[in-house]
Amino acid sequence: QDSKDVGINSNFHADRSITATKHKTDPIAPLRRLILQLINFKSEEERHTFKAITYLLHEIITPEDEPQCLAMIDQLFQDSETDRSHSIPNLIFFMSSWVSYGRISVNLLIDMKKVIKKRRNQNDYQDLLAQIDRAMQYSSPVIPQWAPLIIPKENMLAWMNKDWSATKIGAALTEMCLTFYQLRAWEFIDEANFGPHARLLNNRCTALTHFVATSILAAATISEKSARKSTVKWLDIADNLSSRNNFHMMFAIQNGLQINAVERLKWLFEALPSKSKKVKERLDSLFNVLDKMKLLTDTTEQLAGKVCMIPCIYWLHSKALLSREAPLFLKKRLINLQRVISANNIFGNLIKMQSMPYEKILAPEEIRWYFIRLENENLK
């Protein structure tokens with residue numbers, strides 16, 4: 001894929017650079033020049049360039065630069081309202097991109113709202129204010145008002161024996177993944193330390209993986225029939241997750257079935273009904289590391305922006321890490337065009353996925369609470 005695919009003008013990229021050394025009296029001078037160049041775009045071609053570069057705002061604007069950068073934007077708004085020296089729609093577009101792709105905190109979002117509230121024509125800023133409000137909304141999907149009667153550590157097979165259908169469990173596991181809609185690109189910067197939303201999603205995936213394996217092995221200690229019943233139920237849940245396009249929790253179940261202690265039980269998988277075998281074959285095809293999860297990649301890119309979905313965070317993280325092998329800046333601090341294209345491909349799809357939220361999921365609270373407890377209990 002070349003620069004034409006994302007509308008990036010390489011001449012614009014090469015001519016409009018920022019210096020490597022920060023100015024002594026203005027510590028964000030290079031950043032100031034870059035932002036001025038971005039917000040003053042006029043042609044549609046330059047607009048595409050701007051949009052592509054904004055996918056890397058989490059690296060361009062560091063936490064140390066945020067206060068001065070926001071003060072600069074505030075001043076640009078004031079100047080534009082006085083003498084129209086800059087395009088207000090372009091400034092709004094920049095702020096919207098910063099909220100979507102920047103490494104933002106609640107305090108920064110509060111300060112952004114203060115800047116917007118000072119503007120004259122508030123009708124022009126309603127969409128931006130709504131976007132900031134959505135970014136500030138983050139809470140646990142379950143805040144129980146009662147003491148749970150069933151917890152995994154005390155009853156590891158409750159999910160299998162109670163009247164908890166695959167549909168209800170699939171709904172609960174999907175609701176536990178709605179944190180995905182608060183996920184931001186900057187959360188993948190540090191390979192060792194995820195951002196808060198990425199970390200929560202990763203922890204829940206890992207916890208479910210261990211629980212799948214442990215519950216099957218626990219059932220096997222009772223009888224072979226019980227082990228088959230447990231495995232069939234997990235595959236039914238995976239099938240339901242597939243109908244919800246929840247690839248994250250499908251990956252967790254597939255990993256659990258591939259843990260060596262489970263996978264070596266050949267008699268277990270040979271005795272599965274044909275429907276369950278087909279579901280397992282699809283899981284293995286989607287998450288086949290030998291072909292770099294090609295089927296998952298093709299499926300995810302095909303569905304992005306068309307249906308609600310939760311992508312496999314492991315897959316997303318791997319692609320983000322791979323893109324970071326290319327430097328952001330070249331000599332003379334020119335922005336690396338290939339890095340911009342790579343970010344556009346990865347985080348552009350992320351934004352498309354987040355543009356399609358699920359309708360309200362009504363999963364039984366008892367089921368949600370049971371599975372959320374997994375991340376806090378050591379069942380291995």
# chains A, B, ... in the order shown; residues from 1 in each chain; ligands from 1
$ select_by_dssp --residues "region 82-294 of chain A" --states "helix (DSSP H, G or I)" --output "JSON, numbers by chain"
{"A": [82, 83, 88, 89, 90, 91, 92, 93, 94, 95, 96, 97, 98, 99, 100, 101, 106, 107, 108, 109, 110, 111, 112, 113, 114, 115, 116, 117, 122, 123, 124, 125, 126, 127, 128, 129, 130, 131, 132, 133, 134, 135, 136, 158, 159, 160, 161, 166, 167, 168, 169, 170, 171, 172, 173, 174, 175, 178, 179, 180, 181, 182, 185, 186, 187, 188, 196, 197, 198, 199, 200, 201, 202, 203, 204, 205, 206, 207, 208, 209, 210, 211, 212, 213, 214, 215, 216, 217, 218, 219, 220, 224, 225, 226, 227, 228, 229, 230, 231, 232, 233, 234, 235, 236, 237, 238, 239, 240, 241, 242, 243, 247, 248, 249, 250, 251, 252, 253, 254, 255, 256, 257, 258, 260, 261, 262, 263, 266, 267, 268, 269, 270, 274, 275, 276, 277, 278, 279, 280, 281, 282, 283, 284, 285, 286, 289, 290, 291, 294]}
$ residues_around --residues "region 354-369 of chain A" --least-positions-apart "3" --cutoff "8 Å" --atoms "only C-alpha atoms" --output "CSV table (one decimal) with N, CA, C and O atoms, in the first residue's frame"
chain,number,residue,atom,x,y,z
A,142,VAL,N,-20.2,-3.7,36.0
A,142,VAL,CA,-21.0,-4.3,37.0
A,142,VAL,C,-20.6,-3.7,38.4
A,142,VAL,O,-19.5,-3.7,38.8
A,144,PRO,N,-22.1,-4.5,41.7
A,144,PRO,CA,-23.2,-5.3,42.4
A,144,PRO,C,-23.7,-4.6,43.7
A,144,PRO,O,-22.9,-4.0,44.4
A,148,PRO,N,-22.7,-11.9,46.1
A,148,PRO,CA,-22.9,-13.0,45.1
A,148,PRO,C,-23.0,-14.3,45.8
A,148,PRO,O,-22.2,-14.6,46.8
A,159,TRP,N,-21.2,-22.4,36.1
A,159,TRP,CA,-21.6,-21.9,34.8
A,159,TRP,C,-22.1,-23.0,33.9
A,159,TRP,O,-22.9,-22.8,33.0
A,164,TRP,N,-27.6,-21.4,32.8
A,164,TRP,CA,-26.9,-20.3,32.1
A,164,TRP,C,-26.7,-20.7,30.7
A,164,TRP,O,-25.8,-21.5,30.4
A,168,LYS,N,-26.7,-16.4,27.1
A,168,LYS,CA,-26.6,-15.5,28.2
A,168,LYS,C,-25.1,-15.3,28.6
A,168,LYS,O,-24.7,-14.1,28.9
A,169,ILE,N,-24.3,-16.3,28.6
A,169,ILE,CA,-22.9,-16.2,28.9
A,169,ILE,C,-22.2,-15.4,27.8
A,169,ILE,O,-21.4,-14.5,28.1
A,171,ALA,N,-23.5,-13.0,26.1
A,171,ALA,CA,-23.9,-11.6,26.3
A,171,ALA,C,-23.0,-11.0,27.4
A,171,ALA,O,-22.6,-9.9,27.4
A,172,ALA,N,-22.9,-11.8,28.5
A,172,ALA,CA,-22.1,-11.3,29.7
A,172,ALA,C,-20.6,-11.1,29.3
A,172,ALA,O,-20.0,-10.0,29.7
A,173,LEU,N,-20.0,-12.0,28.6
A,173,LEU,CA,-18.6,-11.9,28.2
A,173,LEU,C,-18.4,-10.7,27.2
A,173,LEU,O,-17.4,-10.0,27.3
A,175,GLU,N,-20.4,-7.9,27.2
A,175,GLU,CA,-20.6,-6.7,28.0
A,175,GLU,C,-19.3,-6.4,28.8
A,175,GLU,O,-19.0,-5.2,29.0
A,176,MET,N,-18.6,-7.4,29.2
A,176,MET,CA,-17.3,-7.2,29.9
A,176,MET,C,-16.3,-6.6,29.0
A,176,MET,O,-15.2,-6.1,29.5
A,180,PHE,N,-13.6,-1.7,25.3
A,180,PHE,CA,-12.9,-1.5,24.0
A,180,PHE,C,-13.2,-0.2,23.4
A,180,PHE,O,-12.4,0.4,22.8
A,181,TYR,N,-14.4,0.4,23.7
A,181,TYR,CA,-14.8,1.6,23.1
A,181,TYR,C,-14.2,2.8,23.7
A,181,TYR,O,-14.3,3.9,23.2
A,305,GLY,N,-16.2,-1.1,10.8
A,305,GLY,CA,-17.1,0.0,10.4
A,305,GLY,C,-18.4,-0.4,9.9
A,305,GLY,O,-19.3,0.5,9.5
A,306,LYS,N,-18.7,-1.7,9.7
A,306,LYS,CA,-19.9,-2.2,9.1
A,306,LYS,C,-20.9,-2.8,10.2
A,306,LYS,O,-22.1,-2.7,10.1
A,307,VAL,N,-20.3,-3.5,11.1
A,307,VAL,CA,-21.0,-4.1,12.2
A,307,VAL,C,-20.3,-3.9,13.5
A,307,VAL,O,-19.2,-3.6,13.6
A,308,CYS,N,-21.1,-4.0,14.6
A,308,CYS,CA,-20.4,-3.9,15.9
A,308,CYS,C,-19.5,-5.1,16.2
A,308,CYS,O,-19.9,-6.2,15.8
A,309,MET,N,-18.4,-4.9,16.7
A,309,MET,CA,-17.4,-5.9,17.0
A,309,MET,C,-16.4,-5.6,18.0
A,309,MET,O,-16.2,-4.4,18.3
A,350,LEU,N,-9.3,0.8,13.8
A,350,LEU,CA,-9.7,0.9,15.2
A,350,LEU,C,-10.9,1.9,15.4
A,350,LEU,O,-11.9,1.6,16.0
A,351,ILE,N,-10.7,3.1,14.8
A,351,ILE,CA,-11.7,4.1,14.9
A,351,ILE,C,-13.0,3.6,14.2
A,351,ILE,O,-14.1,3.9,14.6
A,372,ILE,N,-16.5,-11.8,35.9
A,372,ILE,CA,-15.6,-10.7,36.3
A,372,ILE,C,-14.7,-11.1,37.4
A,372,ILE,O,-13.6,-10.7,37.5
A,373,ARG,N,-15.2,-12.0,38.3
A,373,ARG,CA,-14.4,-12.4,39.5
A,373,ARG,C,-13.2,-13.2,39.0
A,373,ARG,O,-12.2,-13.3,39.8
$ closest_residue --among "A:Ile253, A:Ala227, A:Leu36, A:Ile104" --to "Glu64 (chain A)" --atoms "only C-alpha atoms"
A:Ile104
$ closest_residue --among "A:Gln254, A:Ala261, A:Lys51, A:Arg204" --to "Ser285 (chain A)" --atoms "only C-alpha atoms"
A:Gln254
$ closest_residue --among "A:Gln75, A:Asn161, A:Asn255, A:Thr174" --to "Ile310 (chain A)" --atoms "only C-alpha atoms"
A:Thr174
$ residues_around --residues "Thr297 (chain A)" --least-positions-apart "5" --cutoff "12 Å" --atoms "only C-alpha atoms" --output "CSV table (one decimal) with N, CA and C atoms, in the first residue's frame"
chain,number,residue,atom,x,y,z
A,247,PHE,N,-14.3,-11.2,18.8
A,247,PHE,CA,-13.1,-12.0,18.5
A,247,PHE,C,-12.2,-12.1,19.7
A,285,SER,N,-8.7,-22.0,12.8
A,285,SER,CA,-8.4,-21.3,11.5
A,285,SER,C,-8.2,-19.8,11.8
A,286,LEU,N,-9.1,-19.2,12.6
A,286,LEU,CA,-9.1,-17.8,12.8
A,286,LEU,C,-7.8,-17.4,13.5
A,287,PHE,N,-7.4,-18.2,14.5
A,287,PHE,CA,-6.2,-17.8,15.3
A,287,PHE,C,-5.0,-18.6,15.0
A,288,ASN,N,-4.8,-19.0,13.8
A,288,ASN,CA,-3.7,-19.8,13.4
A,288,ASN,C,-2.4,-18.9,13.3
A,289,VAL,N,-1.5,-19.1,14.2
A,289,VAL,CA,-0.3,-18.3,14.2
A,289,VAL,C,0.7,-18.7,13.1
A,291,ASP,N,0.0,-18.9,9.9
A,291,ASP,CA,-0.3,-18.0,8.8
A,291,ASP,C,-0.5,-16.5,9.3
A,292,LYS,N,0.0,-16.3,10.5
A,292,LYS,CA,-0.1,-14.9,11.1
A,292,LYS,C,-1.6,-14.5,11.2
A,302,GLN,N,-12.6,-6.7,6.9
A,302,GLN,CA,-13.9,-6.7,6.1
A,302,GLN,C,-15.1,-6.1,6.9
A,303,LEU,N,-15.1,-6.4,8.2
A,303,LEU,CA,-16.2,-6.0,9.1
A,303,LEU,C,-16.1,-4.7,9.7
A,304,ALA,N,-14.9,-4.1,9.8
A,304,ALA,CA,-14.6,-2.9,10.5
A,304,ALA,C,-15.5,-1.7,9.9
A,311,PRO,N,-12.5,-6.5,18.5
A,311,PRO,CA,-11.4,-7.2,17.9
A,311,PRO,C,-10.6,-8.0,18.9
A,312,CYS,N,-9.7,-8.8,18.4
A,312,CYS,CA,-8.8,-9.6,19.3
A,312,CYS,C,-7.7,-8.6,19.6
A,314,TYR,N,-5.0,-9.0,21.4
A,314,TYR,CA,-3.6,-9.5,21.1
A,314,TYR,C,-3.2,-9.2,19.7
A,315,TRP,N,-4.1,-9.4,18.7
A,315,TRP,CA,-3.8,-9.2,17.3
A,315,TRP,C,-3.6,-7.7,17.1
A,316,LEU,N,-4.4,-6.8,17.7
A,316,LEU,CA,-4.2,-5.4,17.5
A,316,LEU,C,-2.9,-4.9,18.1
A,318,SER,N,-0.2,-6.7,18.6
A,318,SER,CA,0.9,-7.2,17.7
A,318,SER,C,1.2,-6.3,16.5
A,319,LYS,N,0.1,-5.9,15.9
A,319,LYS,CA,0.2,-5.0,14.7
A,319,LYS,C,0.8,-3.7,15.1
A,345,ASN,N,-3.4,2.6,8.8
A,345,ASN,CA,-4.0,1.3,8.5
A,345,ASN,C,-4.6,0.7,9.9
A,346,ILE,N,-3.7,0.8,10.9
A,346,ILE,CA,-4.1,0.1,12.2
A,346,ILE,C,-5.1,0.9,12.9
A,349,ASN,N,-8.6,1.6,11.3
A,349,ASN,CA,-9.6,0.5,11.4
A,349,ASN,C,-10.1,0.5,12.9
$ atom_distance --atom1 "CA of His86 (chain A)" --atom2 "CA of Asn40 (chain A)"
6.6 Å
$ residues_around --residues "region 115-126 of chain A" --least-positions-apart "2" --cutoff "10 Å" --atoms "only C-alpha atoms" --output "PyMOL selection string"
chain A and resi 70-71+73-75+77-78+81+88-89+92+95+109-113+128-132
$ residues_around --residues "Ala220 (chain A)" --least-positions-apart "2" --cutoff "12 Å" --atoms "only C-alpha atoms" --output "PDB file with N, CA and C atoms, in the first residue's frame"
ATOM      1  N   LEU A 157     -17.875 -25.219  38.427  1.00  0.00           N
ATOM      2  CA  LEU A 157     -18.733 -25.750  37.368  1.00  0.00           C
ATOM      3  C   LEU A 157     -20.140 -25.159  37.410  1.00  0.00           C
ATOM      4  N   ALA A 213      -9.601 -23.815  30.522  1.00  0.00           N
ATOM      5  CA  ALA A 213      -8.787 -25.019  30.711  1.00  0.00           C
ATOM      6  C   ALA A 213      -9.049 -25.669  32.068  1.00  0.00           C
ATOM      7  N   THR A 214      -9.063 -24.861  33.125  1.00  0.00           N
ATOM      8  CA  THR A 214      -9.228 -25.400  34.473  1.00  0.00           C
ATOM      9  C   THR A 214     -10.590 -26.050  34.656  1.00  0.00           C
ATOM     10  N   SER A 215     -11.638 -25.432  34.112  1.00  0.00           N
ATOM     11  CA  SER A 215     -12.987 -25.982  34.280  1.00  0.00           C
ATOM     12  C   SER A 215     -13.154 -27.305  33.533  1.00  0.00           C
ATOM     13  N   ILE A 216     -12.530 -27.409  32.361  1.00  0.00           N
ATOM     14  CA  ILE A 216     -12.602 -28.675  31.622  1.00  0.00           C
ATOM     15  C   ILE A 216     -11.874 -29.785  32.377  1.00  0.00           C
ATOM     16  N   LEU A 217     -10.705 -29.463  32.907  1.00  0.00           N
ATOM     17  CA  LEU A 217      -9.943 -30.457  33.669  1.00  0.00           C
ATOM     18  C   LEU A 217     -10.671 -30.845  34.962  1.00  0.00           C
ATOM     19  N   ALA A 218     -11.338 -29.858  35.586  1.00  0.00           N
ATOM     20  CA  ALA A 218     -12.109 -30.152  36.790  1.00  0.00           C
ATOM     21  C   ALA A 218     -13.277 -31.080  36.464  1.00  0.00           C
ATOM     22  N   ILE A 222     -14.470 -35.674  37.252  1.00  0.00           N
ATOM     23  CA  ILE A 222     -15.767 -36.264  37.605  1.00  0.00           C
ATOM     24  C   ILE A 222     -16.074 -37.439  36.684  1.00  0.00           C
ATOM     25  N   SER A 223     -15.998 -37.175  35.376  1.00  0.00           N
ATOM     26  CA  SER A 223     -16.252 -38.231  34.396  1.00  0.00           C
ATOM     27  C   SER A 223     -15.914 -37.719  33.004  1.00  0.00           C
ATOM     28  N   GLU A 224     -15.758 -38.638  32.060  1.00  0.00           N
ATOM     29  CA  GLU A 224     -15.518 -38.237  30.673  1.00  0.00           C
ATOM     30  C   GLU A 224     -16.740 -37.509  30.106  1.00  0.00           C
ATOM     31  N   LYS A 225     -17.905 -37.973  30.489  1.00  0.00           N
ATOM     32  CA  LYS A 225     -19.144 -37.339  30.024  1.00  0.00           C
ATOM     33  C   LYS A 225     -19.207 -35.888  30.474  1.00  0.00           C
ATOM     34  N   SER A 226     -18.831 -35.640  31.714  1.00  0.00           N
ATOM     35  CA  SER A 226     -18.841 -34.281  32.248  1.00  0.00           C
ATOM     36  C   SER A 226     -17.821 -33.400  31.520  1.00  0.00           C
ATOM     37  N   ALA A 227     -16.667 -33.969  31.195  1.00  0.00           N
ATOM     38  CA  ALA A 227     -15.636 -33.220  30.458  1.00  0.00           C
ATOM     39  C   ALA A 227     -16.136 -32.851  29.060  1.00  0.00           C
ATOM     40  N   ARG A 228     -16.818 -33.805  28.391  1.00  0.00           N
ATOM     41  CA  ARG A 228     -17.364 -33.517  27.056  1.00  0.00           C
ATOM     42  C   ARG A 228     -18.441 -32.437  27.141  1.00  0.00           C
ATOM     43  N   LYS A 229     -19.289 -32.530  28.163  1.00  0.00           N
ATOM     44  CA  LYS A 229     -20.352 -31.544  28.348  1.00  0.00           C
ATOM     45  C   LYS A 229     -19.760 -30.150  28.530  1.00  0.00           C
ATOM     46  N   SER A 230     -18.706 -30.058  29.319  1.00  0.00           N
ATOM     47  CA  SER A 230     -18.042 -28.779  29.554  1.00  0.00           C
ATOM     48  C   SER A 230     -17.445 -28.230  28.259  1.00  0.00           C
ATOM     49  N   THR A 231     -16.764 -29.070  27.494  1.00  0.00           N
ATOM     50  CA  THR A 231     -16.116 -28.630  26.250  1.00  0.00           C
ATOM     51  C   THR A 231     -17.147 -28.196  25.219  1.00  0.00           C
ATOM     52  N   ALA A 261      -2.425 -29.274  28.772  1.00  0.00           N
ATOM     53  CA  ALA A 261      -3.121 -30.249  29.627  1.00  0.00           C
ATOM     54  C   ALA A 261      -4.489 -30.623  29.076  1.00  0.00           C
ATOM     55  N   VAL A 262      -5.095 -29.711  28.316  1.00  0.00           N
ATOM     56  CA  VAL A 262      -6.400 -29.987  27.703  1.00  0.00           C
ATOM     57  C   VAL A 262      -6.223 -30.595  26.321  1.00  0.00           C
ATOM     58  N   LEU A 265      -5.826 -34.373  25.642  1.00  0.00           N
ATOM     59  CA  LEU A 265      -6.946 -35.292  25.881  1.00  0.00           C
ATOM     60  C   LEU A 265      -7.622 -35.620  24.540  1.00  0.00           C
ATOM     61  N   TRP A 267      -9.136 -38.210  23.412  1.00  0.00           N
ATOM     62  CA  TRP A 267     -10.455 -38.831  23.500  1.00  0.00           C
ATOM     63  C   TRP A 267     -11.560 -37.799  23.650  1.00  0.00           C
ATOM     64  N   LEU A 268     -11.216 -36.651  24.263  1.00  0.00           N
ATOM     65  CA  LEU A 268     -12.207 -35.614  24.500  1.00  0.00           C
ATOM     66  C   LEU A 268     -12.661 -34.977  23.188  1.00  0.00           C
TER      67      LEU A 268
END
$ atom_distance --atom1 "CA of Ser105 (chain A)" --atom2 "CA of Ala320 (chain A)"
21.1 Å
$ atom_distance --atom1 "CA of Ala135 (chain A)" --atom2 "CA of Cys69 (chain A)"
19.2 Å
$ decode --residues "region 60-176 of chain A" --atoms "C-alpha atoms" --output "tab-separated table (two decimals), in the first residue's frame"
chain	number	residue	atom	x	y	z
A	60	ILE	CA	3.75	13.81	18.79
A	61	ILE	CA	2.16	15.49	21.83
A	62	THR	CA	3.85	14.22	24.99
A	63	PRO	CA	2.26	14.59	28.45
A	64	GLU	CA	4.83	17.31	29.23
A	65	ASP	CA	3.70	19.32	26.19
A	66	GLU	CA	-0.05	19.09	26.87
A	67	PRO	CA	-0.59	22.27	29.01
A	68	GLN	CA	1.33	24.51	26.60
A	69	CYS	CA	-0.27	22.87	23.58
A	70	LEU	CA	-3.78	23.39	24.99
A	71	ALA	CA	-2.93	27.02	25.86
A	72	MET	CA	-1.79	27.48	22.27
A	73	ILE	CA	-5.05	26.06	20.91
A	74	ASP	CA	-7.03	28.32	23.25
A	75	GLN	CA	-5.15	31.35	21.90
A	76	LEU	CA	-5.69	30.22	18.30
A	77	PHE	CA	-9.44	30.00	18.95
A	78	GLN	CA	-9.41	33.52	20.38
A	79	ASP	CA	-7.47	34.88	17.40
A	80	SER	CA	-9.80	33.14	14.97
A	81	GLU	CA	-12.89	34.60	16.63
A	82	THR	CA	-11.35	38.09	16.44
A	83	ASP	CA	-9.73	38.29	13.00
A	84	ARG	CA	-10.47	34.86	11.44
A	85	SER	CA	-6.74	34.22	11.14
A	86	HIS	CA	-7.36	30.46	11.33
A	87	SER	CA	-10.18	28.17	10.32
A	88	ILE	CA	-12.38	27.34	13.32
A	89	PRO	CA	-13.62	24.08	11.71
A	90	ASN	CA	-9.97	23.05	11.28
A	91	LEU	CA	-9.28	23.83	14.94
A	92	ILE	CA	-12.33	21.80	15.98
A	93	PHE	CA	-11.09	18.96	13.77
A	94	PHE	CA	-7.71	19.11	15.51
A	95	MET	CA	-9.30	19.06	18.98
A	96	SER	CA	-11.52	16.13	17.96
A	97	SER	CA	-8.47	14.24	16.68
A	98	TRP	CA	-6.58	14.98	19.89
A	99	VAL	CA	-9.44	13.54	21.96
A	100	SER	CA	-9.59	10.44	19.73
A	101	TYR	CA	-5.89	9.69	19.31
A	102	GLY	CA	-3.98	11.63	21.96
A	103	ARG	CA	-2.67	10.30	25.26
A	104	ILE	CA	-5.38	12.04	27.25
A	105	SER	CA	-6.29	12.05	30.94
A	106	VAL	CA	-9.47	13.04	32.71
A	107	ASN	CA	-7.82	16.28	33.89
A	108	LEU	CA	-6.83	17.14	30.32
A	109	LEU	CA	-10.39	16.48	29.13
A	110	ILE	CA	-11.74	18.77	31.85
A	111	ASP	CA	-9.33	21.51	30.73
A	112	MET	CA	-10.39	20.95	27.11
A	113	LYS	CA	-14.04	21.50	28.09
A	114	LYS	CA	-13.08	24.76	29.79
A	115	VAL	CA	-11.41	25.95	26.58
A	116	ILE	CA	-14.48	25.03	24.49
A	117	LYS	CA	-16.94	26.58	26.98
A	118	LYS	CA	-15.24	29.97	26.44
A	119	ARG	CA	-16.06	30.02	22.76
A	120	ARG	CA	-18.72	32.35	21.39
A	121	ASN	CA	-20.99	30.22	19.24
A	122	GLN	CA	-21.53	27.11	21.35
A	123	ASN	CA	-23.69	25.45	18.67
A	124	ASP	CA	-20.55	24.88	16.59
A	125	TYR	CA	-18.97	22.86	19.42
A	126	GLN	CA	-21.78	20.54	20.51
A	127	ASP	CA	-20.37	17.47	18.73
A	128	LEU	CA	-16.91	18.09	20.18
A	129	LEU	CA	-18.31	18.54	23.70
A	130	ALA	CA	-20.31	15.30	23.33
A	131	GLN	CA	-17.13	13.52	22.19
A	132	ILE	CA	-15.22	14.81	25.25
A	133	ASP	CA	-18.05	13.67	27.54
A	134	ARG	CA	-17.98	10.18	26.02
A	135	ALA	CA	-14.22	10.00	26.52
A	136	MET	CA	-14.67	10.84	30.21
A	137	GLN	CA	-17.21	8.10	30.78
A	138	TYR	CA	-15.52	4.99	32.07
A	139	SER	CA	-16.86	2.74	34.79
A	140	SER	CA	-17.04	-0.95	35.65
A	141	PRO	CA	-19.83	-2.74	33.75
A	142	VAL	CA	-20.98	-4.29	37.02
A	143	ILE	CA	-21.35	-2.61	40.40
A	144	PRO	CA	-23.18	-5.25	42.41
A	145	GLN	CA	-25.56	-4.18	45.13
A	146	TRP	CA	-25.68	-7.63	46.71
A	147	ALA	CA	-23.37	-10.37	47.91
A	148	PRO	CA	-22.91	-12.98	45.12
A	149	LEU	CA	-24.14	-16.44	46.01
A	150	ILE	CA	-21.84	-18.16	43.51
A	151	ILE	CA	-18.17	-17.41	42.90
A	152	PRO	CA	-15.77	-19.36	40.63
A	153	LYS	CA	-13.34	-20.39	43.35
A	154	GLU	CA	-16.07	-22.10	45.36
A	155	ASN	CA	-18.05	-23.55	42.44
A	156	MET	CA	-15.99	-23.94	39.30
A	157	LEU	CA	-18.73	-25.75	37.37
A	158	ALA	CA	-21.65	-23.47	38.27
A	159	TRP	CA	-21.60	-21.92	34.80
A	160	MET	CA	-22.14	-25.39	33.30
A	161	ASN	CA	-24.73	-26.84	35.66
A	162	LYS	CA	-26.97	-23.84	36.24
A	163	ASP	CA	-29.51	-22.53	33.78
A	164	TRP	CA	-26.94	-20.29	32.14
A	165	SER	CA	-27.34	-20.66	28.38
A	166	ALA	CA	-24.53	-20.03	25.88
A	167	THR	CA	-26.50	-16.96	24.73
A	168	LYS	CA	-26.60	-15.48	28.24
A	169	ILE	CA	-22.92	-16.19	28.89
A	170	GLY	CA	-21.97	-14.80	25.46
A	171	ALA	CA	-23.87	-11.62	26.30
A	172	ALA	CA	-22.09	-11.32	29.67
A	173	LEU	CA	-18.63	-11.86	28.17
A	174	THR	CA	-19.35	-9.29	25.46
A	175	GLU	CA	-20.58	-6.72	27.98
A	176	MET	CA	-17.34	-7.24	29.88
